[in-house]
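> Quick one, coords-v9.txt (compact mmCIF, C-alpha atoms and all ligand atoms):
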```txt
# COMPACT_ATOMS: atom_id res chain seq x y z
CA MET V 19 22.07 -7.59 -10.50
CA LYS V 20 22.45 -7.12 -6.74
CA LYS V 21 19.69 -8.40 -4.46
CA ALA V 22 18.19 -6.37 -1.62
CA ARG V 23 18.82 -8.41 1.54
CA ILE V 24 17.25 -7.77 4.94
CA ILE V 25 20.17 -7.57 7.38
CA GLY V 26 18.32 -6.23 10.42
CA THR V 27 14.79 -5.95 11.80
CA GLY V 28 13.40 -3.85 14.64
CA SER V 29 10.11 -2.86 16.14
CA TYR V 30 8.61 -0.74 18.87
CA VAL V 31 5.23 -0.37 20.52
CA PRO V 32 4.25 2.24 23.10
CA GLU V 33 4.10 1.09 26.72
CA LYS V 34 0.42 1.69 27.40
CA VAL V 35 -1.81 -1.32 26.80
CA LEU V 36 -5.54 -0.86 26.21
CA THR V 37 -7.45 -4.12 26.75
CA ASN V 38 -10.94 -5.00 25.56
CA LYS V 39 -12.02 -4.76 29.20
CA ASP V 40 -10.73 -1.18 29.27
CA LEU V 41 -12.86 -0.41 26.20
CA GLU V 42 -15.94 -1.79 27.98
CA GLN V 43 -15.55 1.10 30.45
CA PHE V 44 -16.42 3.79 27.91
CA LEU V 45 -17.95 2.01 24.88
CA ASP V 46 -21.04 -0.09 24.30
CA THR V 47 -18.97 -3.20 23.57
CA THR V 48 -17.75 -6.40 25.19
CA ASP V 49 -14.49 -8.32 25.36
CA GLU V 50 -16.39 -11.31 23.99
CA TRP V 51 -17.72 -9.42 20.91
CA ILE V 52 -14.30 -8.01 20.02
CA LEU V 53 -12.50 -11.31 20.56
CA THR V 54 -14.90 -13.45 18.54
CA ARG V 55 -15.26 -10.96 15.64
CA THR V 56 -11.62 -9.89 15.40
CA GLY V 57 -9.32 -12.04 17.57
CA ILE V 58 -8.01 -8.85 19.21
CA ARG V 59 -7.45 -8.88 23.01
CA GLU V 60 -5.46 -5.67 23.46
CA ARG V 61 -3.60 -2.95 21.63
CA HIS V 62 -0.83 -0.45 22.49
CA ILE V 63 -1.56 3.27 22.58
CA VAL V 64 0.89 6.21 22.50
CA ALA V 65 1.46 8.42 25.50
CA GLU V 66 0.91 12.16 25.42
CA GLY V 67 3.84 13.76 23.65
CA GLU V 68 4.69 10.57 21.74
CA PHE V 69 4.41 10.70 17.93
CA THR V 70 4.70 8.47 14.88
CA SER V 71 8.27 9.62 14.22
CA ASP V 72 9.24 8.56 17.77
CA LEU V 73 7.91 5.03 17.28
CA ALA V 74 9.55 4.87 13.86
CA ALA V 75 12.92 6.07 15.19
CA HIS V 76 12.89 3.48 18.02
CA ALA V 77 12.12 0.67 15.56
CA ALA V 78 14.77 1.97 13.14
CA ARG V 79 17.49 2.07 15.83
CA ARG V 80 16.75 -1.53 16.78
CA ALA V 81 16.93 -2.64 13.15
CA MET V 82 20.20 -0.75 12.60
CA GLU V 83 21.65 -2.24 15.77
CA MET V 84 20.85 -5.76 14.59
CA ALA V 85 22.27 -4.97 11.16
CA GLY V 86 25.39 -3.36 12.61
CA THR V 87 24.70 -0.41 10.32
CA PRO V 88 25.57 3.13 11.46
CA ALA V 89 23.01 5.82 10.58
CA GLU V 90 25.48 7.62 8.29
CA ALA V 91 25.64 4.54 6.04
CA ILE V 92 21.91 4.70 5.19
CA ASP V 93 21.18 6.07 1.70
CA LEU V 94 17.38 6.08 1.89
CA VAL V 95 14.76 6.33 4.64
CA VAL V 96 11.27 5.46 3.47
CA VAL V 97 8.29 5.33 5.81
CA GLY V 98 4.93 3.74 5.02
CA THR V 99 2.41 5.68 7.09
CA ILE V 100 -1.01 7.32 6.96
CA THR V 101 -0.70 8.83 10.42
CA GLY V 102 2.48 10.86 10.14
CA ASP V 103 3.37 13.56 12.65
CA PHE V 104 2.11 16.17 10.15
CA PRO V 105 0.38 16.08 6.74
CA TRP V 106 3.82 17.29 5.63
CA PRO V 107 6.79 17.34 5.82
CA ALA V 108 7.25 13.60 5.51
CA THR V 109 7.65 11.66 8.73
CA ALA V 110 10.65 10.00 7.05
CA CYS V 111 12.44 13.40 7.17
CA LEU V 112 11.74 13.67 10.91
CA VAL V 113 13.04 10.13 11.42
CA GLN V 114 16.13 10.91 9.36
CA GLN V 115 16.87 13.80 11.69
CA LYS V 116 16.14 11.80 14.87
CA ILE V 117 18.45 8.91 14.00
CA GLY V 118 21.12 11.04 12.29
CA ALA V 119 20.90 9.45 8.84
CA VAL V 120 22.55 12.56 7.42
CA ASN V 121 23.43 11.03 4.04
CA ALA V 122 19.97 9.69 3.24
CA TYR V 123 17.11 11.05 1.16
CA ALA V 124 13.78 10.50 2.85
CA TYR V 125 10.12 10.32 1.91
CA ASP V 126 6.80 8.77 2.98
CA VAL V 127 4.60 6.32 1.12
CA SER V 128 0.84 6.61 1.56
CA ALA V 129 -0.74 3.24 0.84
CA ALA V 130 -2.58 2.67 4.14
CA CYS V 131 -2.11 -0.87 5.47
CA SER V 132 -0.05 -1.81 2.39
CA GLY V 133 2.34 1.07 3.13
CA PHE V 134 5.24 -1.05 4.33
CA VAL V 135 5.22 -3.46 1.37
CA TYR V 136 4.89 -0.52 -1.06
CA ALA V 137 7.82 1.21 0.69
CA LEU V 138 9.83 -2.01 0.64
CA SER V 139 9.21 -2.35 -3.08
CA ALA V 140 10.49 1.18 -3.75
CA ALA V 141 13.63 0.56 -1.69
CA VAL V 142 14.27 -2.79 -3.38
CA SER V 143 14.05 -1.13 -6.82
CA ALA V 144 16.50 1.57 -5.76
CA ILE V 145 18.97 -1.08 -4.55
CA GLU V 146 18.54 -3.37 -7.56
CA SER V 147 19.11 -0.46 -9.94
CA GLY V 148 22.47 0.16 -8.28
CA ARG V 149 21.50 3.71 -7.28
CA ILE V 150 21.80 3.05 -3.53
CA LYS V 151 23.42 0.44 -1.27
CA LYS V 152 21.54 0.62 2.02
CA ALA V 153 17.94 1.53 2.86
CA LEU V 154 15.90 1.80 5.99
CA VAL V 155 12.28 0.81 5.39
CA ILE V 156 9.79 1.58 8.14
CA GLY V 157 6.08 1.11 8.77
CA ALA V 158 4.87 3.33 11.61
CA GLU V 159 1.41 4.38 12.74
CA VAL V 160 -0.47 6.14 15.50
CA LEU V 161 -3.99 5.07 14.57
CA SER V 162 -5.23 5.95 18.06
CA ARG V 163 -5.15 9.65 17.08
CA ILE V 164 -7.32 9.26 13.98
CA VAL V 165 -9.92 6.77 15.18
CA ASP V 166 -13.22 8.00 16.54
CA TRP V 167 -13.27 6.77 20.14
CA THR V 168 -17.06 7.09 20.17
CA ASP V 169 -17.48 4.72 17.18
CA ARG V 170 -17.44 1.12 18.40
CA ASN V 171 -17.50 -0.16 14.80
CA THR V 172 -13.95 1.04 14.20
CA CYS V 173 -12.02 2.14 17.30
CA VAL V 174 -11.78 -1.35 18.83
CA LEU V 175 -9.83 -2.61 15.82
CA PHE V 176 -6.74 -0.42 15.77
CA GLY V 177 -3.48 0.13 17.66
CA ASP V 178 -0.17 1.99 17.49
CA GLY V 179 3.31 0.70 16.68
CA ALA V 180 6.25 0.61 14.29
CA GLY V 181 8.53 -1.87 12.57
CA ALA V 182 11.63 -1.44 10.43
CA VAL V 183 14.11 -3.32 8.29
CA VAL V 184 17.58 -2.46 7.01
CA LEU V 185 18.12 -3.51 3.41
CA GLU V 186 21.56 -3.94 1.87
CA ALA V 187 22.71 -4.65 -1.67
CA GLY V 188 24.18 -8.14 -1.68
CA ASP V 189 25.39 -10.97 -3.90
CA GLY V 190 24.02 -14.47 -3.67
CA ASP V 191 20.57 -15.99 -3.42
CA ALA V 192 19.19 -14.29 -0.30
CA GLY V 193 17.01 -11.22 -0.57
CA VAL V 194 13.68 -9.90 -1.77
CA LEU V 195 12.84 -12.08 -4.77
CA SER V 196 9.88 -10.03 -6.01
CA THR V 197 7.21 -7.58 -4.96
CA HIS V 198 3.70 -7.30 -6.41
CA LEU V 199 1.64 -4.13 -5.98
CA HIS V 200 -1.99 -3.41 -6.89
CA SER V 201 -4.55 -0.64 -6.36
CA ASP V 202 -8.20 -0.06 -7.13
CA GLY V 203 -9.32 3.50 -6.44
CA SER V 204 -12.98 2.69 -7.07
CA PHE V 205 -13.12 1.43 -3.47
CA TRP V 206 -11.71 4.58 -1.83
CA GLU V 207 -14.91 5.40 0.08
CA LEU V 208 -15.01 2.09 1.96
CA LEU V 209 -12.02 2.96 4.13
CA TYR V 210 -10.71 6.50 4.46
CA GLN V 211 -10.13 9.61 6.54
CA PRO V 212 -12.28 12.42 5.10
CA GLY V 213 -10.69 15.47 6.73
CA PHE V 214 -8.83 17.60 6.70
CA GLY V 215 -7.41 17.86 3.19
CA SER V 216 -8.22 19.77 0.02
CA ARG V 217 -11.67 18.18 -0.29
CA TYR V 218 -12.70 18.99 3.27
CA PRO V 219 -10.41 21.75 4.53
CA ALA V 220 -10.25 22.41 8.26
CA SER V 221 -13.48 23.85 9.66
CA GLU V 222 -15.40 23.78 12.91
CA ASP V 223 -18.35 22.31 11.08
CA GLY V 224 -16.14 19.52 9.77
CA LEU V 225 -15.00 18.77 13.29
CA LYS V 226 -18.64 18.51 14.40
CA GLN V 227 -19.18 16.04 11.55
CA ARG V 228 -16.14 14.14 12.82
CA LEU V 229 -14.41 14.38 9.44
CA PRO V 230 -10.85 13.99 10.78
CA PHE V 231 -11.64 10.45 11.90
CA LEU V 232 -11.30 7.13 10.08
CA LYS V 233 -14.45 5.86 8.35
CA MET V 234 -14.97 2.26 7.32
CA GLN V 235 -17.60 -0.07 5.94
CA GLY V 236 -16.27 -3.18 7.64
CA ASN V 237 -18.34 -5.84 5.91
CA GLU V 238 -17.42 -4.69 2.40
CA VAL V 239 -13.75 -4.30 3.30
CA PHE V 240 -13.71 -7.82 4.71
CA LYS V 241 -14.84 -9.49 1.49
CA VAL V 242 -12.44 -7.70 -0.85
CA ALA V 243 -9.56 -8.07 1.62
CA VAL V 244 -9.77 -11.85 1.77
CA ARG V 245 -9.95 -12.21 -2.01
CA SER V 246 -7.14 -9.72 -2.73
CA LEU V 247 -4.78 -11.06 -0.05
CA ALA V 248 -5.15 -14.56 -1.48
CA GLU V 249 -4.69 -13.49 -5.10
CA VAL V 250 -1.58 -11.38 -4.58
CA ALA V 251 0.06 -14.03 -2.36
CA LEU V 252 -0.44 -16.66 -5.05
CA GLU V 253 0.84 -14.20 -7.66
CA ALA V 254 4.15 -13.92 -5.75
CA LEU V 255 4.53 -17.70 -5.54
CA GLN V 256 3.71 -18.20 -9.21
CA ALA V 257 6.12 -15.47 -10.30
CA ASN V 258 8.93 -17.37 -8.58
CA GLY V 259 7.86 -20.85 -9.67
CA MET V 260 6.98 -21.85 -6.12
CA GLY V 261 4.03 -23.42 -4.37
CA VAL V 262 2.44 -23.06 -0.94
CA ASN V 263 4.66 -25.81 0.50
CA ASP V 264 7.73 -23.67 -0.19
CA VAL V 265 6.51 -20.98 2.22
CA SER V 266 8.31 -21.18 5.58
CA LEU V 267 6.42 -18.28 7.10
CA PHE V 268 3.43 -16.28 5.85
CA ILE V 269 3.25 -12.83 7.43
CA PRO V 270 -0.02 -11.15 6.44
CA HIS V 271 -1.16 -7.67 7.43
CA GLN V 272 -2.64 -8.17 10.90
CA ALA V 273 -6.10 -6.70 10.24
CA ASN V 274 -8.22 -9.20 12.04
CA ARG V 275 -7.89 -12.89 12.84
CA ARG V 276 -10.87 -13.91 10.68
CA ILE V 277 -9.44 -12.16 7.60
CA LEU V 278 -6.03 -13.77 8.16
CA GLU V 279 -7.42 -17.24 8.61
CA ALA V 280 -9.81 -16.96 5.66
CA SER V 281 -7.07 -15.72 3.30
CA ALA V 282 -4.52 -18.31 4.50
CA LYS V 283 -7.11 -21.04 3.89
CA ARG V 284 -7.85 -19.70 0.42
CA ILE V 285 -4.13 -19.70 -0.41
CA GLY V 286 -3.85 -23.26 0.92
CA LEU V 287 -1.47 -22.55 3.81
CA GLY V 288 -1.44 -24.58 7.04
CA ASP V 289 -1.84 -22.96 10.48
CA ASP V 290 1.83 -23.57 11.32
CA GLN V 291 2.91 -21.45 8.32
CA VAL V 292 0.95 -18.35 9.39
CA TYR V 293 2.25 -15.72 11.82
CA ILE V 294 -0.45 -14.04 13.91
CA ASN V 295 0.01 -11.40 16.60
CA VAL V 296 -3.14 -9.32 16.03
CA ASP V 297 -4.40 -10.50 19.45
CA ARG V 298 -1.75 -8.35 21.19
CA PHE V 299 -1.48 -5.33 18.88
CA GLY V 300 -4.73 -4.97 16.94
CA ASN V 301 -4.52 -3.55 13.44
CA THR V 302 -1.49 -1.24 13.33
CA SER V 303 -1.96 -0.54 9.59
CA GLY V 304 1.38 0.04 7.84
CA ALA V 305 3.29 -1.07 10.95
CA SER V 306 1.73 -4.50 11.29
CA ILE V 307 3.88 -6.49 8.83
CA PRO V 308 7.32 -5.20 9.93
CA LEU V 309 6.24 -5.52 13.57
CA ALA V 310 5.29 -9.17 13.02
CA LEU V 311 8.40 -9.78 10.91
CA ASP V 312 10.66 -8.50 13.68
CA GLU V 313 8.86 -10.52 16.35
CA ALA V 314 9.14 -13.68 14.27
CA ASN V 315 12.80 -13.00 13.47
CA ARG V 316 13.79 -12.35 17.09
CA ALA V 317 11.87 -15.42 18.23
CA GLY V 318 13.97 -17.57 15.86
CA ARG V 319 11.02 -18.39 13.61
CA ILE V 320 13.00 -17.35 10.49
CA LYS V 321 16.25 -19.07 9.49
CA PRO V 322 18.70 -18.51 6.64
CA GLY V 323 17.26 -19.90 3.41
CA ASP V 324 13.66 -19.68 4.66
CA MET V 325 11.01 -18.38 2.29
CA VAL V 326 9.00 -15.54 3.89
CA LEU V 327 5.85 -14.30 2.20
CA LEU V 328 4.54 -10.83 3.16
CA ASP V 329 0.94 -10.01 2.21
CA ALA V 330 -0.85 -6.68 2.67
CA PHE V 331 -4.22 -5.07 2.07
CA GLY V 332 -5.48 -1.59 2.91
CA GLY V 333 -7.40 1.57 2.12
CA GLY V 334 -7.34 2.82 -1.45
CA PHE V 335 -7.81 -0.07 -1.95
CA THR V 336 -4.19 -1.15 -2.15
CA TRP V 337 -2.80 -4.66 -1.86
CA ALA V 338 0.68 -6.09 -2.19
CA SER V 339 2.95 -9.04 -1.55
CA ALA V 340 6.69 -9.68 -1.28
CA LEU V 341 8.54 -12.99 -1.39
CA ILE V 342 11.84 -13.02 0.50
CA ARG V 343 14.55 -15.66 0.70
CA TRP V 344 16.11 -15.10 4.16
C1 LIG N 1 -15.58 -4.73 11.62
C2 LIG N 1 -15.98 -6.19 11.69
C3 LIG N 1 -15.17 -6.87 12.78
C4 LIG N 1 -17.44 -6.28 12.04
O1 LIG N 1 -17.84 -7.62 12.11
P1 LIG N 1 -19.17 -8.08 11.41
O2 LIG N 1 -19.34 -9.51 11.72
O3 LIG N 1 -19.05 -7.68 9.97
O4 LIG N 1 -20.23 -7.25 12.19
P2 LIG N 1 -21.35 -6.28 11.58
O5 LIG N 1 -20.71 -5.11 10.91
O6 LIG N 1 -22.25 -7.15 10.78
O7 LIG N 1 -22.05 -5.77 12.87
C5 LIG N 1 -22.80 -6.63 13.65
C6 LIG N 1 -23.38 -5.87 14.82
O8 LIG N 1 -22.33 -5.66 15.80
C7 LIG N 1 -22.36 -4.30 16.20
N1 LIG N 1 -21.03 -3.87 16.59
C8 LIG N 1 -20.08 -3.29 15.83
N2 LIG N 1 -19.00 -3.05 16.56
C9 LIG N 1 -19.24 -3.51 17.80
C10 LIG N 1 -18.48 -3.55 18.99
N3 LIG N 1 -17.23 -3.08 19.06
N4 LIG N 1 -19.05 -4.11 20.08
C11 LIG N 1 -20.29 -4.59 20.04
N5 LIG N 1 -21.05 -4.58 18.95
C12 LIG N 1 -20.53 -4.05 17.83
C13 LIG N 1 -22.88 -3.55 15.00
O9 LIG N 1 -23.40 -2.31 15.41
C14 LIG N 1 -23.94 -4.49 14.49
O10 LIG N 1 -25.07 -4.31 15.26
P3 LIG N 1 -26.55 -4.26 14.57
O11 LIG N 1 -26.67 -5.60 13.89
O12 LIG N 1 -27.42 -4.05 15.73
O13 LIG N 1 -26.47 -3.13 13.61
C15 LIG N 1 -15.74 -6.91 10.33
O14 LIG N 1 -16.62 -6.41 9.37
C16 LIG N 1 -14.34 -6.74 9.84
O15 LIG N 1 -13.42 -7.28 10.40
N6 LIG N 1 -14.16 -6.00 8.73
C17 LIG N 1 -12.83 -5.73 8.20
C18 LIG N 1 -12.27 -4.55 8.91
C19 LIG N 1 -10.81 -4.38 8.68
O16 LIG N 1 -10.04 -5.26 8.96
N7 LIG N 1 -10.42 -3.22 8.16
C20 LIG N 1 -9.09 -2.88 7.92
C21 LIG N 1 -8.59 -3.54 6.69
S1 LIG N 1 -6.98 -3.07 6.38
```
When written as structure tokens, how does the structure in this file appear?


Amino acid sequence: MKKARIIGTGSYVPEKVLTNKDLEQFLDTTDEWILTRTGIRERHIVAEGEFTSDLAAHAARRAMEMAGTPAEAIDLVVVGTITGDFPWPATACLVQQKIGAVNAYAYDVSAACSGFVYALSAAVSAIESGRIKKALVIGAEVLSRIVDWTDRNTCVLFGDGAGAVVLEAGDGDAGVLSTHLHSDGSFWELLYQPGFGSRYPASEDGLKQRLPFLKMQGNEVFKVAVRSLAEVALEALQANGMGVNDVSLFIPHQANRRILEASAKRIGLGDDQVYINVDRFGNTSGASIPLALDEANRAGRIKPGDMVLLDAFGGGFTWASALIRW
């Protein structure tokens, strides 16, 4: 069986930076509160006229450039996002058009902050089955357009961005060794966007109730996130007969520094094994893992043969891991 190898990574964040100090100007919050509770210093925010598909296309082009893969060679474009340009059509279709991946089929995966790992898993299966040879897997989000900028409990946490990888069918040891996906719909109300869908269709009243904005019960999310991130990371290691010492780099979903540190500790990983960039980008949901993966890759933190462990958790709840031999 062929393995799905990552042959290129790319990422993109919008130019505008919103610091905690900037938030102090219009919210009842402080830089100190945000930093100590979350580890976040700043986040990037889209400009007017800039959309999720734009961020995704930029990240995709960078990944394709690194891979040396022309757009026409891509068989599949899959985007993990919960903040697509439209409810439908899929943002992946818009990206396909923007980059000229004329031979690809394209669809979105909705798994909140686990979206990229879910999308990766689907692409890996398509490659391993022999159905396709090359896939572009993207995580892209514009959270700034669905957070309630009057709600200090949530808006300080999130940011915008995108990351992408090019996967290719290959022989040899390198590639995605396994992916592990889980969901528990009984937690849906702890983290979600109520409107506007079939349950709460568009209405002026719904707008007054701020239904189109993200809702979260942070404390509850925190507890389940730490436990689930640890369990699914260990599941990936066990499935491959490996232990924590085999992990060269652990790239968790960048939700919040306290969640990352607590889950890494529970898994038994040392600080030097954990990649953290939440301080500069905030929680970019489905984009956070590929964004961190690309940063780490370009900074030379990942070398051939390295074992990279991706670990995600998000609304649904959904959680997922992937173990990759680079
Ligand atoms: C959101 C989170 C940082 C809050 O931290 P916490 O220690 O749980 O804080 P609490 O919710 O207990 O709130 C403590 C107080 O701070 C206040 N507060 C909340 N946001 C604030 C802000 N931005 N600035 C200042 N004060 C704030 C609350 O109103 C509360 O005040 P009260 O005690 O007077 O009611 C934390 O729960 C968390 O990280 N949860 C996970 C969120 C997440 O990562 N979600 C995405 C997962 S994919």

> I'd like to know which of V:Ala81, V:Ala310, V:Ala273, V:Val95 is closest to ligand LIG 1 (chain N), using only C-alpha atoms and all ligand atoms.

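Between V:Ala81, V:Ala310, V:Ala273, V:Val95, the residue approaching ligand LIG 1 (chain N) most closely is V:Ala273.
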
> For ligand LIG 1 (chain N), which residue out of V:Asp290, V:Glu238, V:Asp312, V:Glu90 is the nearest one, using only C-alpha atoms and all ligand atoms?

V:Glu238

> Provide the atom CA of Asp189 of chain V to atom CA of Ile24 of chain V distance in Å, to one decimal place.

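Separation of atom CA of Asp189 of chain V and atom CA of Ile24 of chain V: 12.4 Å.
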
> If you count all atoms listed in the file, which residues fall within 10 Å of Tyr123 of chain V, apart from same-chain ones fewer than 2 positions away, as a ChimeraX atom specification?

/V:92-96,110-111,114,119-121,125,153

> Deliver the residues from the most recent selection as a file, using C-alpha atoms, as a short mmCIF file (atom, residue, chain, number, x, y, z; two decimals), keeping the file's coordinate frame.


```cif
data_model
loop_
_atom_site.label_atom_id
_atom_site.label_comp_id
_atom_site.auth_asym_id
_atom_site.auth_seq_id
_atom_site.Cartn_x
_atom_site.Cartn_y
_atom_site.Cartn_z
CA ILE V 92 21.91 4.70 5.19
CA ASP V 93 21.18 6.07 1.70
CA LEU V 94 17.38 6.08 1.89
CA VAL V 95 14.76 6.33 4.64
CA VAL V 96 11.27 5.46 3.47
CA ALA V 110 10.65 10.00 7.05
CA CYS V 111 12.44 13.40 7.17
CA GLN V 114 16.13 10.91 9.36
CA ALA V 119 20.90 9.45 8.84
CA VAL V 120 22.55 12.56 7.42
CA ASN V 121 23.43 11.03 4.04
CA TYR V 125 10.12 10.32 1.91
CA ALA V 153 17.94 1.53 2.86
#
```

> Find the distance between atom CA of Glu207 of chain V and atom CA of Ala140 of chain V and write it in Å to one decimal.

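Calculated distance between atom CA of Glu207 of chain V and atom CA of Ala140 of chain V is 26.0 Å.
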
> Report as JSON lines: every residue of chain V with an atom at most 6 Å from ligand LIG 1 (chain N), its closest pair of atoms, and their distance in Å to one decimal, counting all atoms listed in the file, with rows sorted by chain and ascending residue number.


```
{"residue": "V:Thr47", "atom": "CA", "partner": "N:LIG1", "partner_atom": "N4", "distance": 3.6}
{"residue": "V:Thr48", "atom": "CA", "partner": "N:LIG1", "partner_atom": "N4", "distance": 5.7}
{"residue": "V:Trp51", "atom": "CA", "partner": "N:LIG1", "partner_atom": "N4", "distance": 5.5}
{"residue": "V:Ile52", "atom": "CA", "partner": "N:LIG1", "partner_atom": "N3", "distance": 5.8}
{"residue": "V:Arg55", "atom": "CA", "partner": "N:LIG1", "partner_atom": "C3", "distance": 5.0}
{"residue": "V:Thr56", "atom": "CA", "partner": "N:LIG1", "partner_atom": "C3", "distance": 5.3}
{"residue": "V:Cys131", "atom": "CA", "partner": "N:LIG1", "partner_atom": "S1", "distance": 5.4}
{"residue": "V:Arg170", "atom": "CA", "partner": "N:LIG1", "partner_atom": "N3", "distance": 4.3}
{"residue": "V:Asn171", "atom": "CA", "partner": "N:LIG1", "partner_atom": "N2", "distance": 3.7}
{"residue": "V:Val174", "atom": "CA", "partner": "N:LIG1", "partner_atom": "N3", "distance": 5.7}
{"residue": "V:Gly236", "atom": "CA", "partner": "N:LIG1", "partner_atom": "O14", "distance": 3.7}
{"residue": "V:Asn237", "atom": "CA", "partner": "N:LIG1", "partner_atom": "O14", "distance": 3.9}
{"residue": "V:Val239", "atom": "CA", "partner": "N:LIG1", "partner_atom": "C17", "distance": 5.2}
{"residue": "V:Phe240", "atom": "CA", "partner": "N:LIG1", "partner_atom": "C17", "distance": 4.2}
{"residue": "V:Ala273", "atom": "CA", "partner": "N:LIG1", "partner_atom": "O16", "distance": 4.4}
{"residue": "V:Asn274", "atom": "CA", "partner": "N:LIG1", "partner_atom": "O16", "distance": 5.3}
{"residue": "V:Phe331", "atom": "CA", "partner": "N:LIG1", "partner_atom": "S1", "distance": 5.5}
{"residue": "V:Gly332", "atom": "CA", "partner": "N:LIG1", "partner_atom": "S1", "distance": 4.1}
```

> Please indicate the distance in Å from atom CA of Arg276 of chain V to atom CA of Asp297 of chain V, rounded to one decimal place.

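Between these atoms lies a distance of 11.4 Å.
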
> Can you pull out every residue within 7 Å of Val184 of chain V, counting all atoms listed in the file, but drop anything in the same chain fewer than 3 positions away, and send it as a list in words?

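Contacts, in chain order: Ile24, Ile25, Gly26, Thr27, Ala81, Met82, Ala85, Ala153, Leu154 and Val155 of chain V.
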
> Taking 5 positions as the minimum chain separation for residues in the same chain, which residues sit within 8 Å of Ile307 of chain V when counting all atoms listed in the file? Answer as a ChimeraX atom specification.

/V:134,157,181,269-272,328,330

> Which is closest to Leu161 of chain V among V:Ile320, V:Ala305, V:Ile58, V:Ile277, if we use all atoms listed in the file?

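Selected residue with least distance to Leu161 of chain V: V:Ala305.
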
> Choose the residue, out of V:Arg343, V:His76, V:His200, V:Arg275, that has the smallest atom-to-atom separation from Ala158 of chain V; count all atoms listed in the file.

V:His76

> So, counting only C-alpha atoms, which residue among V:Ser303, V:Asn263, V:Ser162, V:Gln115 is closest to Ala65 of chain V?

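Using only C-alpha atoms, Ala65 of chain V sits closest to V:Ser162.
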